[in-house]
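Trainee: My questions will all concern the structure given below.
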Amino acid sequence: MTPVEPKKLILVDDHLLVRNGLKVLIEKLGDYKVVAEFDNGVELIKAYPFKESPDLILMDISMPEMDGDEAFENLNEKGSDIPVLILTLTNDEEQIVKLFRAGVRGYLQKDSTAMVLKKAIDNVIETGYHHNEFLTYSLRHDTKPKKQTEQEIILQGLSDRERTFLKLVCHEAEYTYDQIAGEMGVQHRTVDGYRESIFDKFNIKSKTGLVLFVLKHRLLDYL
């Protein structure tokens, strides 16, 4: 039987103890191999293109000299298509949404369990993204005609106003809910109603989840 080729990862974290611990943990979790480590974004960018191209970069968001946001932006400018999974201590939805808009494939709290870490790595490598909302989309539409696209099926479940709301949530201006209400000419509570309706229909739980849902299912061109 041919041995399974381990998935290659790069770690970027300015805390040596954290990085060493992550490396040991990751390589114990499955067929993974850490092929390079960097203290910060500057070192990461200097090393690109890498001697061994990884399947995933696991990167801290808060680092000296060049943080994860800037490092990811630099990778994009250099034409990298290596998926990036961000490690973070923040629960700031606006920052997380901004990262996903830029192309980050997933984010993970630093206090996550080993199994959550493994799931996140596998999700990004195997499906392209890691986020719980992505994994809960129902198969209840299986009875629909096969000629319908995924986008058509999803959009059938949305009202015109809900589509407008989703489009504004994902707008590059990064509108708050209050600003969305102003753009739509409705009360804030009406916008809350659109949000909760979409949450219920697709089992989404946050503003981050809304943006990720739209990106995952490539809905922007249809809204």
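Chain labels follow the order of the structure tokens: the first chain is A, the next B, and so on; residue numbering restarts at 1 in every chain, and ligands are counted from 1 in their shown order.
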Check the DSSP output for the backbone and give back, as a PyMOL selection string, the residues of range 10-220 of chain A in strand (DSSP E).

Mentor: chain A and resi 10-12+32-38+56-60+84-88+106-109

Trainee: Per residue of range 93-129 of chain A within 6 Å of range 68-89 of chain A, which atom pair is closest and at what distance in Å (one decimal), using only C-alpha atoms, listed by chain and increasing number, as a tab-separated table?

Mentor:
```
residue	atom	partner	partner_atom	distance
A:Val104	CA	A:Val84	CA	5.5
A:Arg105	CA	A:Val84	CA	5.6
A:Gly106	CA	A:Leu85	CA	4.8
A:Tyr107	CA	A:Ile86	CA	4.5
A:Leu108	CA	A:Leu87	CA	5.0
A:Gln109	CA	A:Thr88	CA	5.1
A:Lys110	CA	A:Thr88	CA	5.7
```

Trainee: Could you give me, as a ChimeraX atom specification, the residues within 8 Å of range 37-52 of chain A, counting only C-alpha atoms and dropping anything in the same chain fewer than 5 positions from it?

Mentor: /A:10-16,19,63-68,70-71,74-75

Trainee: Quick one: which range 114-215 of chain A residues come within 12 Å of range 31-35 of chain A, and what is the nearest atom pair for each with the distance in Å to one decimal, counting only C-alpha atoms, rows ordered by chain and ascending number, as CSV?

Mentor:
```
residue,atom,partner,partner_atom,distance
A:Lys118,CA,A:Tyr32,CA,9.8
A:Ile121,CA,A:Tyr32,CA,9.5
A:Asp122,CA,A:Tyr32,CA,10.0
A:Ile125,CA,A:Tyr32,CA,11.1
```

Trainee: Could you turn the residues from that selection into a file that holds C-alpha atoms, as a PDB file, in the first residue's frame?

Mentor:
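Output file out28.pdb is given in full below:
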```pdb
ATOM      1  CA  LYS A 118      -7.589  19.403  13.076  1.00  0.00           C
ATOM      2  CA  ILE A 121      -6.917  22.368   8.847  1.00  0.00           C
ATOM      3  CA  ASP A 122      -8.782  19.561   7.077  1.00  0.00           C
ATOM      4  CA  ILE A 125      -7.222  21.820   2.664  1.00  0.00           C
TER       5      ILE A 125
END
```

Trainee: Could you pull the residues within 12 Å of Gly30 in chain A, counting only C-alpha atoms, minus those fewer than 3 positions along the same chain, as a VMD selection string?

Mentor: chain A and resid 4 to 8 23 to 27 33 to 34 114 to 115 117 to 119 121 to 122

Trainee: Restricting it to C-alpha atoms, dump the selection as a PDB file, in the first residue's frame.

Mentor:
```pdb
ATOM      1  CA  VAL A   4      -0.027   8.739   2.365  1.00  0.00           C
ATOM      2  CA  GLU A   5       1.881  11.896   1.484  1.00  0.00           C
ATOM      3  CA  PRO A   6       1.661  14.215   4.513  1.00  0.00           C
ATOM      4  CA  LYS A   7       0.006  17.595   4.065  1.00  0.00           C
ATOM      5  CA  LYS A   8       2.584  20.386   4.299  1.00  0.00           C
ATOM      6  CA  LYS A  23       4.142  22.050  15.517  1.00  0.00           C
ATOM      7  CA  VAL A  24       4.233  19.095  17.905  1.00  0.00           C
ATOM      8  CA  LEU A  25       0.442  19.056  18.214  1.00  0.00           C
ATOM      9  CA  ILE A  26      -0.232  19.346  14.474  1.00  0.00           C
ATOM     10  CA  GLU A  27       2.164  16.549  13.560  1.00  0.00           C
ATOM     11  CA  LYS A  33       4.268  17.994   8.296  1.00  0.00           C
ATOM     12  CA  VAL A  34       5.422  21.486   9.276  1.00  0.00           C
ATOM     13  CA  ALA A 114      -6.939  20.023  19.252  1.00  0.00           C
ATOM     14  CA  MET A 115      -9.896  18.458  17.429  1.00  0.00           C
ATOM     15  CA  LEU A 117      -7.692  22.667  15.039  1.00  0.00           C
ATOM     16  CA  LYS A 118      -7.589  19.403  13.076  1.00  0.00           C
ATOM     17  CA  LYS A 119     -11.067  20.038  11.661  1.00  0.00           C
ATOM     18  CA  ILE A 121      -6.917  22.368   8.847  1.00  0.00           C
ATOM     19  CA  ASP A 122      -8.782  19.561   7.077  1.00  0.00           C
TER      20      ASP A 122
END
```

Trainee: Take CA of His131 in chain A and CA of His217 in chain A and report the distance between them in Å, one decimal.

Mentor: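 CA of His131 in chain A sits 13.1 Å away from CA of His217 in chain A.
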
Trainee: Report the distance between CA of Val18 in chain A and CA of Ser62 in chain A in Å, rounded to one decimal place.

Mentor: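 It comes out at 13.1 Å.
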
Trainee: Taking 6 positions as the minimum chain separation for residues in the same chain, which residues sit within 12 Å of Ala173 in chain A when counting only C-alpha atoms? Answer as a compact mmCIF listing (two decimals) with C-alpha atoms, in the first residue's frame.

Mentor:
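File produced: part.txt:
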```
# COMPACT_ATOMS: atom_id res chain seq x y z
CA GLU A 94 -15.56 43.47 11.56
CA VAL A 97 -15.18 39.84 7.94
CA LYS A 98 -12.46 42.09 6.49
CA ARG A 101 -13.23 39.69 2.09
CA LYS A 167 -25.73 42.74 -0.90
CA GLN A 179 -26.04 52.23 7.85
CA ILE A 180 -27.75 49.40 5.98
CA GLU A 183 -29.38 52.74 2.65
```

Trainee: At what distance in Å, to one decimal, does CA of Leu223 in chain A lie from CA of Tyr129 in chain A?

Mentor: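 So the answer is 21.8 Å.
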